[in-house]
Structure formats: structure tokens, C-alpha cells
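File shown: target.csv (CSV, C-alpha atoms).
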```csv
chain,number,residue,atom,x,y,z
A,1,MET,CA,47.6,-67.9,126.9
A,2,GLN,CA,49.9,-66.2,129.3
A,3,SER,CA,47.7,-63.2,129.6
A,4,THR,CA,44.7,-65.4,130.4
A,5,VAL,CA,46.7,-67.2,133.1
A,6,LEU,CA,47.8,-63.8,134.5
A,7,ARG,CA,44.2,-62.5,134.6
A,8,ILE,CA,43.1,-65.6,136.5
A,9,GLN,CA,46.0,-65.2,138.9
A,10,ILE,CA,45.1,-61.5,139.5
A,11,HIS,CA,41.4,-62.4,139.9
A,12,ILE,CA,42.3,-65.1,142.5
A,13,SER,CA,44.7,-62.7,144.3
A,14,ILE,CA,42.1,-59.9,144.5
A,15,ARG,CA,39.5,-62.4,145.8
A,16,ALA,CA,41.9,-63.7,148.4
A,17,LEU,CA,42.8,-60.2,149.5
A,18,ALA,CA,39.1,-59.3,149.7
A,19,MET,CA,38.4,-62.4,151.9
A,20,PHE,CA,41.4,-61.6,154.1
A,21,LEU,CA,40.2,-58.0,154.6
A,22,LEU,CA,36.7,-59.2,155.3
A,23,LYS,CA,37.9,-61.7,157.9
A,24,THR,CA,40.1,-59.0,159.5
A,25,TRP,CA,37.2,-56.6,159.7
A,26,ARG,CA,34.9,-59.2,161.3
A,27,SER,CA,37.5,-60.0,163.9
A,28,THR,CA,38.3,-56.4,164.6
A,29,ALA,CA,34.7,-55.3,164.8
A,30,PHE,CA,33.9,-58.3,167.1
A,31,GLY,CA,36.9,-57.5,169.3
A,32,LEU,CA,35.9,-53.8,169.8
A,33,TYR,CA,32.2,-54.6,170.2
A,34,GLY,CA,33.0,-57.4,172.6
A,35,TYR,CA,35.4,-55.4,174.8
A,36,LEU,CA,32.8,-52.7,175.1
A,37,ASN,CA,29.8,-55.0,175.8
A,38,PHE,CA,30.8,-58.5,176.8
A,39,THR,CA,33.1,-57.9,179.7
A,40,LYS,CA,32.1,-57.3,183.4
A,41,SER,CA,31.9,-53.6,182.8
A,42,GLY,CA,29.4,-54.2,180.1
A,43,PHE,CA,27.3,-56.3,182.4
A,44,VAL,CA,27.4,-53.7,185.1
A,45,GLU,CA,26.3,-51.0,182.6
A,46,ASN,CA,23.5,-53.1,181.1
A,47,SER,CA,22.3,-54.3,184.4
A,48,LYS,CA,21.2,-50.8,185.3
A,49,LYS,CA,18.2,-51.5,183.0
A,50,PHE,CA,17.3,-54.8,184.6
A,51,LYS,CA,14.2,-55.3,186.7
A,52,SER,CA,14.8,-57.3,189.8
A,53,GLU,CA,11.3,-58.7,189.8
A,54,ASP,CA,12.0,-60.4,186.4
A,55,ILE,CA,14.0,-63.1,188.1
A,56,GLU,CA,12.2,-63.4,191.4
A,57,THR,CA,9.7,-65.9,190.1
A,58,GLN,CA,9.5,-69.2,191.9
A,59,ILE,CA,9.0,-72.2,189.6
A,60,GLU,CA,8.2,-75.1,191.9
A,61,GLY,CA,6.8,-78.1,190.0
A,62,LYS,CA,8.7,-77.2,186.8
A,63,ASN,CA,11.2,-79.6,185.3
A,64,CYS,CA,14.4,-78.2,183.9
A,65,VAL,CA,17.2,-80.1,182.0
A,66,VAL,CA,20.6,-78.4,181.9
A,67,THR,CA,23.4,-79.9,179.9
A,68,GLY,CA,27.1,-79.4,180.8
A,69,ALA,CA,25.9,-78.5,184.3
A,70,ASN,CA,28.9,-79.5,186.5
A,71,SER,CA,30.8,-76.2,186.1
A,72,GLY,CA,30.8,-72.7,184.7
A,73,ILE,CA,27.6,-71.2,183.2
A,74,GLY,CA,25.9,-74.6,183.2
A,75,TYR,CA,26.4,-75.0,187.0
A,76,ALA,CA,25.3,-71.4,187.7
A,77,THR,CA,22.2,-72.0,185.6
A,78,ALA,CA,21.4,-75.3,187.4
A,79,GLU,CA,21.9,-73.6,190.8
A,80,GLY,CA,19.8,-70.6,189.8
A,81,LEU,CA,16.9,-72.7,188.7
A,82,ALA,CA,17.1,-75.0,191.7
A,83,SER,CA,17.2,-71.9,194.1
A,84,ARG,CA,13.8,-70.9,192.5
A,85,GLY,CA,12.3,-74.3,193.3
A,86,ALA,CA,12.6,-76.1,190.0
A,87,THR,CA,13.2,-79.8,189.7
A,88,VAL,CA,16.6,-79.8,187.9
A,89,TYR,CA,18.2,-82.6,185.9
A,90,MET,CA,21.9,-82.0,185.5
A,91,VAL,CA,23.3,-83.7,182.4
A,92,CYS,CA,27.0,-84.2,182.8
A,93,ARG,CA,29.6,-86.3,181.0
A,94,ASN,CA,31.8,-87.0,184.1
A,95,LYS,CA,29.9,-88.8,186.9
A,96,GLU,CA,32.3,-87.9,189.6
A,97,ARG,CA,32.4,-84.2,188.8
A,98,GLY,CA,28.6,-84.3,188.3
A,99,GLU,CA,28.1,-85.8,191.7
A,100,THR,CA,30.2,-83.1,193.4
A,101,ALA,CA,28.3,-80.3,191.6
A,102,LEU,CA,25.0,-82.0,192.5
A,103,SER,CA,25.8,-82.2,196.2
A,104,LYS,CA,27.0,-78.6,196.2
A,105,ILE,CA,23.8,-77.3,194.6
A,106,GLN,CA,21.5,-79.3,196.9
A,107,SER,CA,23.5,-78.0,199.9
A,108,MET,CA,23.5,-74.3,198.7
A,109,THR,CA,19.8,-74.2,197.7
A,110,GLY,CA,18.2,-76.6,200.1
A,111,ASN,CA,16.5,-78.1,197.1
A,112,GLN,CA,16.7,-81.9,197.0
A,113,ASN,CA,14.9,-82.2,193.7
A,114,VAL,CA,18.1,-82.0,191.8
A,115,TYR,CA,19.3,-85.0,189.9
A,116,LEU,CA,22.3,-86.2,188.0
A,117,GLU,CA,22.1,-87.7,184.5
A,118,VAL,CA,25.3,-89.0,182.9
A,119,CYS,CA,25.6,-88.6,179.2
A,120,ASP,CA,28.4,-87.9,176.7
A,121,LEU,CA,27.1,-85.2,174.4
A,122,SER,CA,29.7,-86.0,171.8
A,123,SER,CA,28.1,-89.3,171.1
A,124,VAL,CA,24.8,-89.7,169.3
A,125,SER,CA,24.5,-93.2,170.6
A,126,ASP,CA,24.9,-92.1,174.2
A,127,ILE,CA,22.4,-89.3,173.7
A,128,LYS,CA,19.9,-91.7,172.3
A,129,SER,CA,20.4,-94.1,175.3
A,130,PHE,CA,20.0,-91.2,177.7
A,131,ALA,CA,16.8,-90.0,176.0
A,132,SER,CA,15.3,-93.4,176.0
A,133,LYS,CA,15.9,-93.9,179.7
A,134,PHE,CA,14.9,-90.3,180.6
A,135,SER,CA,11.7,-90.6,178.5
A,136,SER,CA,10.6,-93.5,180.6
A,137,LYS,CA,10.2,-91.1,183.5
A,138,ASP,CA,7.4,-89.5,181.5
A,139,VAL,CA,7.9,-86.1,183.0
A,140,PRO,CA,7.1,-83.0,181.1
A,141,ILE,CA,10.2,-80.8,180.4
A,142,HIS,CA,9.4,-77.1,180.9
A,143,VAL,CA,12.9,-75.9,180.2
A,144,LEU,CA,15.8,-77.5,178.2
A,145,VAL,CA,19.1,-75.5,178.4
A,146,ASN,CA,21.6,-76.6,175.8
A,147,ASN,CA,24.7,-75.4,177.5
A,148,ALA,CA,27.2,-78.2,177.0
A,149,GLY,CA,30.0,-76.9,174.8
A,150,LEU,CA,33.6,-77.5,173.7
A,151,LEU,CA,36.5,-75.6,172.1
A,152,GLU,CA,39.1,-78.2,171.1
A,153,HIS,CA,42.1,-76.8,169.2
A,154,ASN,CA,43.2,-80.1,167.7
A,155,CYS,CA,41.3,-81.9,165.0
A,156,ILE,CA,39.9,-84.9,166.9
A,157,THR,CA,37.5,-87.4,165.4
A,158,THR,CA,35.0,-89.2,167.7
A,159,SER,CA,34.4,-92.9,167.6
A,160,GLU,CA,31.3,-92.2,165.5
A,161,GLY,CA,33.4,-90.4,162.9
A,162,TYR,CA,32.6,-86.7,163.6
A,163,GLU,CA,34.9,-83.8,164.4
A,164,LEU,CA,34.7,-83.3,168.1
A,165,ASN,CA,33.7,-79.7,168.4
A,166,PHE,CA,30.9,-80.2,165.9
A,167,ALA,CA,29.9,-83.4,167.6
A,168,VAL,CA,29.3,-81.7,170.9
A,169,ASN,CA,28.3,-78.2,169.9
A,170,VAL,CA,26.0,-78.9,166.9
A,171,LEU,CA,25.2,-82.5,166.4
A,172,GLY,CA,24.8,-83.2,170.2
A,173,THR,CA,22.7,-80.1,170.7
A,174,TYR,CA,20.5,-81.0,167.7
A,175,THR,CA,20.1,-84.6,168.7
A,176,MET,CA,19.3,-83.8,172.4
A,177,THR,CA,16.7,-81.2,171.4
A,178,GLU,CA,14.9,-83.3,168.9
A,179,LEU,CA,14.7,-86.4,171.2
A,180,MET,CA,13.4,-84.2,174.0
A,181,MET,CA,10.6,-82.8,171.8
A,182,PRO,CA,7.9,-85.3,173.0
A,183,LEU,CA,8.6,-84.3,176.7
A,184,LEU,CA,8.7,-80.7,175.8
A,185,GLU,CA,5.3,-81.0,174.1
A,186,LYS,CA,4.0,-82.4,177.4
A,187,ALA,CA,4.8,-79.0,179.0
A,188,ALA,CA,3.3,-76.9,176.2
A,189,PRO,CA,2.4,-74.1,176.0
A,190,ASP,CA,5.0,-73.3,178.7
A,191,ALA,CA,7.9,-75.3,177.3
A,192,ARG,CA,11.0,-73.6,176.0
A,193,VAL,CA,14.5,-74.5,174.7
A,194,ILE,CA,17.4,-72.1,175.5
A,195,THR,CA,20.7,-72.6,173.7
A,196,VAL,CA,23.8,-71.0,175.0
A,197,SER,CA,25.7,-69.7,172.0
A,198,SER,CA,28.7,-67.3,171.8
A,199,GLY,CA,29.5,-63.9,170.5
A,200,GLY,CA,32.2,-65.6,168.5
A,201,MET,CA,29.6,-66.5,165.9
A,202,TYR,CA,29.7,-62.8,164.8
A,203,THR,CA,33.0,-63.5,163.1
A,204,VAL,CA,31.7,-66.1,160.7
A,205,PRO,CA,28.9,-66.7,158.2
A,206,LEU,CA,26.9,-69.9,158.2
A,207,THR,CA,28.6,-72.7,156.3
A,208,LYS,CA,27.7,-76.1,155.1
A,209,ASP,CA,31.2,-77.3,155.9
A,210,LEU,CA,30.1,-78.5,159.3
A,211,GLN,CA,33.3,-80.5,160.1
A,212,PHE,CA,36.0,-78.1,158.8
A,213,SER,CA,37.2,-80.0,155.8
A,214,GLY,CA,40.1,-77.6,155.2
A,215,THR,CA,43.7,-78.7,155.7
A,216,ASN,CA,44.6,-76.1,158.3
A,217,PHE,CA,42.2,-76.9,161.1
A,218,ASP,CA,41.4,-73.9,163.4
A,219,GLY,CA,39.6,-74.8,166.6
A,220,VAL,CA,38.6,-71.3,167.4
A,221,GLU,CA,37.1,-70.7,163.9
A,222,GLN,CA,35.3,-74.1,164.1
A,223,TYR,CA,33.9,-73.2,167.5
A,224,ALA,CA,32.6,-69.9,166.0
A,225,ARG,CA,31.1,-71.8,163.1
A,226,ASN,CA,29.4,-74.1,165.5
A,227,LYS,CA,27.9,-71.2,167.5
A,228,ARG,CA,26.6,-69.6,164.3
A,229,VAL,CA,24.8,-72.8,163.5
A,230,GLN,CA,23.2,-72.9,167.0
A,231,VAL,CA,21.8,-69.4,166.5
A,232,GLU,CA,20.4,-70.1,163.0
A,233,LEU,CA,19.2,-73.6,164.1
A,234,THR,CA,17.2,-71.9,167.0
A,235,GLU,CA,15.5,-69.6,164.5
A,236,ARG,CA,14.7,-72.6,162.2
A,237,TRP,CA,13.3,-74.6,165.2
A,238,ALA,CA,11.1,-71.7,166.1
A,239,GLU,CA,9.6,-71.8,162.5
A,240,MET,CA,9.4,-75.6,162.4
A,241,TYR,CA,7.6,-76.0,165.7
A,242,LYS,CA,5.7,-72.8,166.0
A,243,ASN,CA,2.4,-74.6,166.5
A,244,LYS,CA,3.8,-77.0,169.2
A,245,GLY,CA,3.7,-74.5,172.1
A,246,ILE,CA,7.5,-74.6,172.5
A,247,GLY,CA,9.6,-71.4,172.6
A,248,PHE,CA,13.1,-71.5,171.1
A,249,TYR,CA,15.7,-68.9,172.1
A,250,SER,CA,19.5,-68.6,171.8
A,251,MET,CA,21.7,-66.3,173.9
A,252,HIS,CA,25.2,-65.1,174.5
A,253,PRO,CA,26.5,-65.1,178.0
A,254,GLY,CA,29.2,-62.5,177.4
A,255,TRP,CA,32.9,-63.1,178.2
A,256,ALA,CA,32.8,-65.0,181.5
A,257,GLU,CA,35.6,-66.4,183.6
A,258,THR,CA,34.8,-70.2,183.6
A,259,PRO,CA,36.9,-73.3,183.8
A,260,GLY,CA,36.1,-73.9,180.1
A,261,VAL,CA,37.4,-70.5,179.0
A,262,ALA,CA,40.5,-70.8,181.2
A,263,LYS,CA,41.4,-74.2,179.7
A,264,SER,CA,40.6,-73.5,176.0
A,265,LEU,CA,41.6,-69.9,175.8
A,266,PRO,CA,44.3,-69.4,178.5
A,267,GLY,CA,45.8,-66.3,176.7
A,268,PHE,CA,42.5,-64.6,176.4
A,269,SER,CA,41.6,-65.5,180.0
A,270,LYS,CA,44.9,-64.1,181.3
A,271,SER,CA,44.8,-60.9,179.2
A,272,LEU,CA,41.4,-60.0,180.5
A,273,SER,CA,41.9,-61.2,184.1
A,274,GLY,CA,39.7,-59.2,186.4
A,275,LYS,CA,37.6,-57.9,183.5
A,276,LEU,CA,35.6,-61.1,182.7
A,277,ARG,CA,32.1,-61.8,184.0
A,278,THR,CA,31.4,-64.3,186.7
A,279,SER,CA,29.6,-67.5,185.8
A,280,GLN,CA,26.6,-66.2,187.6
A,281,GLU,CA,26.6,-63.0,185.4
A,282,GLY,CA,27.0,-65.2,182.3
A,283,ALA,CA,24.1,-67.3,183.4
A,284,ASP,CA,21.8,-64.4,184.2
A,285,THR,CA,20.1,-64.2,180.8
A,286,VAL,CA,19.6,-68.0,180.7
A,287,ILE,CA,17.7,-67.8,183.9
A,288,TRP,CA,15.9,-64.7,182.8
A,289,LEU,CA,14.8,-66.5,179.6
A,290,ALA,CA,13.6,-69.5,181.6
A,291,LEU,CA,11.4,-67.3,183.9
A,292,GLN,CA,9.8,-64.8,181.5
A,293,PRO,CA,6.3,-65.1,180.2
A,294,LYS,CA,6.6,-66.3,176.7
A,295,GLU,CA,4.6,-63.4,175.3
A,296,LYS,CA,7.5,-61.1,176.4
A,297,LEU,CA,10.0,-63.1,174.3
A,298,VAL,CA,10.6,-63.2,170.5
A,299,PRO,CA,10.5,-66.7,169.0
A,300,GLY,CA,13.9,-67.7,167.5
A,301,ALA,CA,15.6,-64.6,168.8
A,302,PHE,CA,19.2,-64.2,170.0
A,303,TYR,CA,19.4,-62.6,173.5
A,304,PHE,CA,22.2,-60.8,175.4
A,305,ASP,CA,21.9,-59.2,178.8
A,306,ARG,CA,18.1,-59.7,179.0
A,307,ALA,CA,17.5,-58.0,175.7
A,308,GLU,CA,17.1,-59.1,172.0
A,309,ALA,CA,20.5,-58.7,170.3
A,310,PRO,CA,21.5,-58.5,166.6
A,311,LYS,CA,22.5,-61.8,165.0
A,312,HIS,CA,25.0,-60.0,162.7
A,313,LEU,CA,27.5,-57.2,163.0
A,314,ARG,CA,27.3,-54.3,160.5
A,315,PHE,CA,29.2,-54.7,157.3
A,316,ALA,CA,30.3,-58.3,158.3
A,317,ALA,CA,28.6,-59.9,155.3
A,318,THR,CA,27.3,-62.8,157.3
A,319,SER,CA,23.5,-62.4,157.1
A,320,SER,CA,23.0,-63.8,153.6
A,321,SER,CA,24.4,-67.1,154.6
A,322,HIS,CA,21.1,-68.0,156.5
A,323,VAL,CA,19.8,-69.7,153.3
A,324,ALA,CA,22.1,-72.7,154.1
A,325,ILE,CA,20.2,-73.7,157.2
A,326,ASP,CA,17.7,-76.0,155.5
A,327,SER,CA,20.5,-78.1,154.0
A,328,ILE,CA,22.3,-78.1,157.4
A,329,VAL,CA,19.2,-79.4,159.2
A,330,ASP,CA,18.8,-82.1,156.6
A,331,ASN,CA,22.4,-83.2,157.2
A,332,LEU,CA,22.0,-83.2,161.0
A,333,ARG,CA,18.8,-85.2,160.7
A,334,SER,CA,20.7,-87.8,158.6
A,335,MET,CA,23.7,-87.9,160.9
A,336,SER,CA,21.5,-88.4,164.0
A,337,ALA,CA,19.2,-90.8,162.2
A,338,ILE,CA,16.1,-89.0,163.6
A,339,SER,CA,13.1,-89.0,161.3
A,340,SER,CA,11.2,-85.7,160.7
```
Would you write the structure of this file as C-alpha cells?
Amino acid sequence: MQSTVLRIQIHISIRALAMFLLKTWRSTAFGLYGYLNFTKSGFVENSKKFKSEDIETQIEGKNCVVTGANSGIGYATAEGLASRGATVYMVCRNKERGETALSKIQSMTGNQNVYLEVCDLSSVSDIKSFASKFSSKDVPIHVLVNNAGLLEHNCITTSEGYELNFAVNVLGTYTMTELMMPLLEKAAPDARVITVSSGGMYTVPLTKDLQFSGTNFDGVEQYARNKRVQVELTERWAEMYKNKGIGFYSMHPGWAETPGVAKSLPGFSKSLSGKLRTSQEGADTVIWLALQPKEKLVPGAFYFDRAEAPKHLRFAATSSSHVAIDSIVDNLRSMSAISS
């Protein structure tokens, strides 16, 4: 009996050690890969391959919806699209900050066809209310940019009963996209959905544990999990709606110096001060994806610095987890109460 217990303990210890080593490898590989590619120097190097004409296209008459548009990459995206003549709808949680950003973009670009829509992306109910009112405009949506994101270190539950990071990053993104589908279809075959993910997703596999049920909540890991879901969800959407004339793409902006990063990762922001990308550099690939002819893009792909990027790092053992996405989509559909 004692030998059996000992064997079980050894087995558990070996398994725990293996998981620890694997997580350490993922974090180390991500850190090295990120430092070489995701910083400002990485952008400068990669931009040598960029073609300036790729982002000179004017898109007057096209309607673009950008979530989380009052600061950081969302603001830079909204400004970049407005400067190219698009009609831009800025979806922001805070009305006052949204109005300030709106006024600034209109002034900077001279484009008055920029509008503020107030919506709390952590609330399914609020998203549904927004979608209902916005749908009454009956305008085709050519570009939906799912940029709104959150990294909250504490385990906070929303009024609807969901962990806050998950509510914004995953459930909010899913609900917004699904409810905008009829308006996206109106813009087909030129419609596209661009989801701003993060390289942090390289450190984790896909998991069905969407709300981090473990006792030791880790906001950084939860954020990474959320961002992995966004990448896999984008691939799944591309498969589900391949005949709808809508393109689905996810992207990583690199490590950018934004108000969100400074607030949620102050140590990281301080240690890489002067080496982080600007918000405009972070938004560059979002704008590039919005402007490219769809035949140049790969449906469901993950992009970084205007090029398709791998979704998994070597030897990180994250790729086999993709099989969980169908179950995750079913759960999201149930949580959002959106019929298929």
C-alpha cells in the first residue's frame, strides 16, 4: 500500500515538474522572441519591408467601428482610419474621455464623420442595447476592429456574474462581433473583422477554463488565456462564415507604450522605457489589414508587422489545444444568449 502511494506521489511530482519546466520554457521563449521582435527596434527593422503605398488608400464612404477607441492603439486606429476618409464610430465606455478623443480626432484629421458610441464591453446587456440602437442606423459595417481590452490583476466579478478580464476580452468581443454580423453582411464582400490580440497568448494553450477557476488567480495569465481564445476564435469565425463575404483576422501590435500598458504593467513599462513602440506603430498593422484587398490576406490568420505570423512558438506545446474551440464557442453562445 505504501509503495503504491509512493508511486502516485512520484508520478504527481514528475508531472508537476514537467508542467513547471514547460511553463518556464514558454515564458522564456516568449520573452526572448518578444524582446527581439515586439519592441520599437523590431518595428524599425520590420518596417524596412513595408510598402508605403499599402496604407495610402483612401476609404471615403466606408464605415468603421472601433472599440476601446479613446486611447492607445484604439485611438491611433480610429485616427488613422478617419485620416483616410472613413466614417468612424468610436465605441468607448467612458463618455467624457470618448468625447475628448472624438474632438481631437475631428480636429487632427478634418474629418467630421467621426462619432462616439458609449458602451460598456464588460456587459452583455449593454452590448445588446448598443447593437440594437446601432442597427437601427441600418449602415453597412465595412470594418469592425475589436480593440477594447483589459488586464485586471484582481479577480473581479461583473454584475452579470463573469470574471472581468474574460467579460471584456472574450465574451464582449464575441457578443459584439456576432451582433454586428447582419451589418457586416451588408458590406460584403468587402467586410472584415480585425481583432487586436497580444503576443502574450504564446505563453498559454487554449483552455476551456474561461473564467480561471483556480484558487490563485493570476491576471496576467488570464489575459494571455483570453488573447489565445481571440486568436483561435478568429480562425473559427473564418471557417463558420466563409461564405458570408466577411474576412476575419487577428493581430499582435507588439509591445507598445499605451496608457493601458502603463496602468496594468507598470514594471514592464518602466523596464522597457524608451524601447516600446508608439501607439501609432502598434496600430499600423490594424490599419494595414483594414486597407488591403482581401485577396492578399489569409482568412483566420494572425498578423504581426504587416505579415502573417505563427500562432504558436516552437516546442511550446500549445498547438494541440485548438480542439477545444468548438466547446468554447458553444459556451460563449450560451453566455451571450445569441442563437446560432
- Query: If you measure from CA of Phe166 (chain A) to CA of Pro140 (chain A), what distance in Å do you get, rounded to one decimal?
  - Reply: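 Result for CA of Phe166 (chain A) versus CA of Pro140 (chain A): 28.4 Å, one decimal.
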Quiz prompt | Nearby residues (only C-alpha atoms) at most 12 Å from Asn216 (chain A), same-chain spacing under 5 positions excluded, as a PyMOL selection string | solution = chain A and resi 153-155+221-222
Q) Hey, can you check how far CA of Leu102 (chain A) sits from CA of Lys137 (chain A)? A)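 Those two atoms sit 19.6 Å apart.
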Ala131 (chain A) environment, 8 Å, all atoms listed in the file, sequence neighbours closer than 4 positions dropped, as a list in words:
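Here the qualifying residues turn out to be Ile127, Ser135, Met176, Leu179 and Met180 of chain A.
Computed from the coordinates, the CA of Ser264 (chain A) to CA of Leu151 (chain A) distance equals 6.0 Å.
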At most 12 Å is the cut-off: for each residue in region 65-149 of chain A with any atom that close to an atom of region 286-310 of chain A, write down the nearest atom pair and the distance in Å rounded to one decimal, counting all atoms listed in the file, chain first then increasing number, as CSV.
```
residue,atom,partner,partner_atom,distance
A:Val65,CA,A:Ala290,CA,11.2
A:Val66,CA,A:Val286,CA,10.5
A:Ile73,CA,A:Val286,CA,9.0
A:Gly74,CA,A:Val286,CA,9.5
A:Tyr75,CA,A:Val286,CA,11.6
A:Ala76,CA,A:Ile287,CA,9.2
A:Thr77,CA,A:Ile287,CA,6.4
A:Ala78,CA,A:Ile287,CA,9.1
A:Glu79,CA,A:Ile287,CA,9.9
A:Gly80,CA,A:Ile287,CA,6.9
A:Leu81,CA,A:Ile287,CA,6.9
A:Ala82,CA,A:Ile287,CA,10.6
A:Ser83,CA,A:Ile287,CA,11.0
A:Arg84,CA,A:Leu291,CA,9.6
A:Gly85,CA,A:Leu291,CA,11.8
A:Ala86,CA,A:Ala290,CA,10.7
A:Ile141,CA,A:Ala290,CA,11.9
A:His142,CA,A:Ala290,CA,8.7
A:Val143,CA,A:Ala290,CA,6.6
A:Leu144,CA,A:Ala290,CA,9.0
A:Val145,CA,A:Val286,CA,7.9
A:Asn146,CA,A:Val286,CA,10.1
A:Asn147,CA,A:Val286,CA,9.5
```
Task: Leu171 (chain A) environment, 8 Å, only C-alpha atoms, sequence neighbours closer than 4 positions dropped, as JSON, numbers by chain - done: {"A": [122, 124, 166, 167, 175, 332, 335, 336]}
